[in-house]
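What follows is one structure encoded as structure tokens, with my remarks underneath.
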2 protein chains.
Amino acid sequence: MFTSQPIGFVSSPYKETGEVPRGLGAKHDVDGRLKILPQFEAGLTDIEGFSHLIVLWEFDRSQGFQLLGMPPSDNRQHGVFATRSPYRPNPIGMTTVELLRREGANLHVRGVDMLDGTPILDIKPYLSSIPQERLRRGWLAEAEARRK
Amino acid sequence: MFTSQPIGFVSSPYKETGEVPRGLGAKHDVDGRLKILPQFEAGLTDIEGFSHLIVLWEFDRSQGFQLLGMPPSDNRQHGVFATRSPYRPNPIGMTTVELLRREGANLHVRGVDMLDGTPILDIKPYLSSIPQERLRRGWLAEAEARRK
């Protein structure tokens, strides 16, 4: 296995966990920056052409993992692999962001839900989508339906 | 930072890197299994309700990283963070699969592009898509256009 290393850090308006919108209908449309370390800047070559990026990052302020947990979007427990819980065996978070512009080693993006200073592990181009009509979303769709 | 640990392993028909379809128009529609370790099985609770899953896994047969590389889909170099290259600072791969059915700690899935025995790091539910018409795909769209 491997030991993770940051390729950069997130600059985000959210300083504390409680400030990040959570639960059903939470909107993630705030702007932030992905500040890539100088030694990795060459890896950003041609990234400007992509409208959306997938950011993998570390839940560096969560301790340990819980296999079952109550997500903010429901009042029932679900398995960690059926949720986006921060308490995961490998503490890896994933966020899709819109790339607004690149300035050298800084990527200005929209849609951050990470805390300020979060270590970035990887960036991948967003290449294709599963059509919305083909998606089933299990307990989350049920929780949304119950709230209506 | 953290040291990765496998939550399970991929069972795939691909035994060697050369067998995995690559490049423009490559289809990933073969079936495989995500064999989750017994101690993590509780984390799968309610995962059956999701049609698609995002699998994070380790490029355990790639050594080191290359910030610039030539992807199989183009004859030009691009930055590692603008490609799905296996030679990444953190060797994390990502694959979206369709969940066919669950049998205990085994998830039968369609769309594997991992090698047999690949360590699985995380599974997340696929919750929403960026509409295809909003996506720009940079060098990849250009490479596709040049091939036509």
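Chain labels follow the order of the structure tokens: the first chain is A, the next B, and so on; residue numbering restarts at 1 in every chain, and ligands are counted from 1 in their shown order.
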
Please report as a ChimeraX atom specification which residues of chain A come no farther than 7 Å from chain B, using only C-alpha atoms.
/A:1-5,40,42-47,49-52,67-68,78-84,90,121-125,127-132,135-139

Take the residues that were just selected and, keeping C-alpha atoms, output them as a PDB file, in the first residue's frame.
```pdb
ATOM      1  CA  MET A   1       0.000   0.000   0.000  1.00  0.00           C
ATOM      2  CA  PHE A   2       1.114   3.613  -0.086  1.00  0.00           C
ATOM      3  CA  THR A   3       1.473   6.636   2.146  1.00  0.00           C
ATOM      4  CA  SER A   4      -0.466   9.623   0.892  1.00  0.00           C
ATOM      5  CA  GLN A   5       1.256  12.913   0.084  1.00  0.00           C
ATOM      6  CA  PHE A  40       3.582  19.338  -9.184  1.00  0.00           C
ATOM      7  CA  ALA A  42       3.732  20.606 -14.625  1.00  0.00           C
ATOM      8  CA  GLY A  43       1.058  17.973 -13.973  1.00  0.00           C
ATOM      9  CA  LEU A  44      -1.598  20.648 -14.638  1.00  0.00           C
ATOM     10  CA  THR A  45      -0.585  21.015 -18.301  1.00  0.00           C
ATOM     11  CA  ASP A  46      -3.715  21.236 -20.516  1.00  0.00           C
ATOM     12  CA  ILE A  47      -6.099  21.052 -17.579  1.00  0.00           C
ATOM     13  CA  GLY A  49      -9.577  22.629 -21.394  1.00  0.00           C
ATOM     14  CA  PHE A  50     -11.800  20.771 -18.954  1.00  0.00           C
ATOM     15  CA  SER A  51     -14.931  22.376 -17.565  1.00  0.00           C
ATOM     16  CA  HIS A  52     -15.142  20.066 -14.558  1.00  0.00           C
ATOM     17  CA  LEU A  67     -19.030   1.273   9.209  1.00  0.00           C
ATOM     18  CA  LEU A  68     -22.575   2.436  10.011  1.00  0.00           C
ATOM     19  CA  HIS A  78     -26.580   3.451   6.399  1.00  0.00           C
ATOM     20  CA  GLY A  79     -23.284   1.768   5.537  1.00  0.00           C
ATOM     21  CA  VAL A  80     -20.305   4.040   5.077  1.00  0.00           C
ATOM     22  CA  PHE A  81     -19.857   2.857   1.464  1.00  0.00           C
ATOM     23  CA  ALA A  82     -23.445   3.920   0.700  1.00  0.00           C
ATOM     24  CA  THR A  83     -22.781   7.449   2.033  1.00  0.00           C
ATOM     25  CA  ARG A  84     -20.278  10.265   1.728  1.00  0.00           C
ATOM     26  CA  ASN A  90      -9.328   5.262   3.870  1.00  0.00           C
ATOM     27  CA  LEU A 121      -4.407  14.018  -3.139  1.00  0.00           C
ATOM     28  CA  ASP A 122      -5.299  13.980  -6.814  1.00  0.00           C
ATOM     29  CA  ILE A 123      -7.140  15.775  -9.604  1.00  0.00           C
ATOM     30  CA  LYS A 124      -8.742  13.946 -12.496  1.00  0.00           C
ATOM     31  CA  PRO A 125     -10.566  15.317 -15.535  1.00  0.00           C
ATOM     32  CA  LEU A 127     -14.869  12.910 -18.757  1.00  0.00           C
ATOM     33  CA  SER A 128     -18.404  11.588 -18.911  1.00  0.00           C
ATOM     34  CA  SER A 129     -21.654  11.309 -17.001  1.00  0.00           C
ATOM     35  CA  ILE A 130     -24.149   8.554 -16.364  1.00  0.00           C
ATOM     36  CA  PRO A 131     -27.433   9.962 -17.723  1.00  0.00           C
ATOM     37  CA  GLN A 132     -29.612  11.104 -14.830  1.00  0.00           C
ATOM     38  CA  LEU A 135     -29.379   6.544 -11.956  1.00  0.00           C
ATOM     39  CA  ARG A 136     -31.032   4.925  -8.959  1.00  0.00           C
ATOM     40  CA  ARG A 137     -30.125   6.559  -5.672  1.00  0.00           C
ATOM     41  CA  GLY A 138     -31.474   4.148  -3.060  1.00  0.00           C
ATOM     42  CA  TRP A 139     -31.924   5.425   0.494  1.00  0.00           C
TER      43      TRP A 139
END
```

Selection: 8 Å around Val112 (chain B), only C-alpha atoms, excl. self and same-chain fewer than 5 positions, as a list in words:
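Using only C-alpha atoms, the neighbours found are Ser12, His28, Asp29, Val30, Asp31, Gly32, Thr95 and Val97 of chain B.
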
Export of the given selection (C-alpha atoms) as a PDB file, in the first residue's frame:
```pdb
ATOM      1  CA  SER B  12     -11.515  -8.982 -12.986  1.00  0.00           C
ATOM      2  CA  HIS B  28     -15.462  -0.783 -20.381  1.00  0.00           C
ATOM      3  CA  ASP B  29     -18.418  -3.100 -20.098  1.00  0.00           C
ATOM      4  CA  VAL B  30     -16.989  -6.301 -18.704  1.00  0.00           C
ATOM      5  CA  ASP B  31     -18.302  -7.785 -15.502  1.00  0.00           C
ATOM      6  CA  GLY B  32     -16.286  -8.265 -12.354  1.00  0.00           C
ATOM      7  CA  THR B  95     -13.815   3.749 -11.914  1.00  0.00           C
ATOM      8  CA  VAL B  97     -19.308   0.812 -12.267  1.00  0.00           C
TER       9      VAL B  97
END
```

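Using only C-alpha atoms, the smallest distance between any of A:Gly111, A:Gly18, A:Gly23, A:Gly8 and Arg147 (chain A) comes from A:Gly23.
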
May I have all residues of region 56-130 of chain A that DSSP, computed from the backbone, assigns to strand (DSSP E), given as JSON, numbers by chain?
{"A": [56, 57, 58, 68, 69, 78, 79, 92, 93, 94, 95, 96, 97, 98, 99, 100, 101, 102, 103, 106, 107, 108, 109, 110, 119, 120, 121, 122, 123, 124, 125]}

Neighbours of Ser11 (chain B) within 8 Å (only C-alpha atoms; same-chain residues fewer than 4 positions away dropped), as a PyMOL selection string?
chain B and resi 32-35+115-118

Atoms to include: N, CA and C atoms. Write the selected residues as a short mmCIF file (atom, residue, chain, number, x, y, z; two decimals), in the first residue's frame.
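Output (result34.cif):
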```cif
data_model
loop_
_atom_site.label_atom_id
_atom_site.label_comp_id
_atom_site.auth_asym_id
_atom_site.auth_seq_id
_atom_site.Cartn_x
_atom_site.Cartn_y
_atom_site.Cartn_z
N GLY B 32 -17.27 -7.86 -13.35
CA GLY B 32 -16.29 -8.26 -12.35
C GLY B 32 -16.93 -8.25 -10.99
N ARG B 33 -16.11 -8.49 -9.99
CA ARG B 33 -16.63 -8.50 -8.63
C ARG B 33 -15.76 -7.65 -7.74
N LEU B 34 -16.40 -6.95 -6.82
CA LEU B 34 -15.68 -6.27 -5.75
C LEU B 34 -15.83 -7.15 -4.51
N LYS B 35 -14.74 -7.77 -4.13
CA LYS B 35 -14.77 -8.70 -2.98
C LYS B 35 -14.33 -7.92 -1.74
N LEU B 115 -7.20 -4.33 -13.00
CA LEU B 115 -6.59 -5.66 -13.12
C LEU B 115 -7.10 -6.55 -12.00
N ASP B 116 -7.08 -7.84 -12.25
CA ASP B 116 -7.47 -8.81 -11.24
C ASP B 116 -6.57 -8.66 -10.00
N GLY B 117 -7.19 -8.62 -8.84
CA GLY B 117 -6.42 -8.50 -7.60
C GLY B 117 -6.14 -7.09 -7.13
N THR B 118 -6.64 -6.11 -7.88
CA THR B 118 -6.39 -4.71 -7.51
C THR B 118 -6.99 -4.39 -6.14
#
```

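When CA of Val20 (chain A) is paired with CA of Met114 (chain A), their separation reads 7.6 Å.
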
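Separating CA of Lys27 (chain B) from CA of Ala105 (chain B) is a distance of 26.9 Å.
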
Quote the spacing between CA of Ser73 (chain A) and CA of Arg61 (chain A) in Å to one decimal place.
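Separating CA of Ser73 (chain A) from CA of Arg61 (chain A) is a distance of 20.8 Å.
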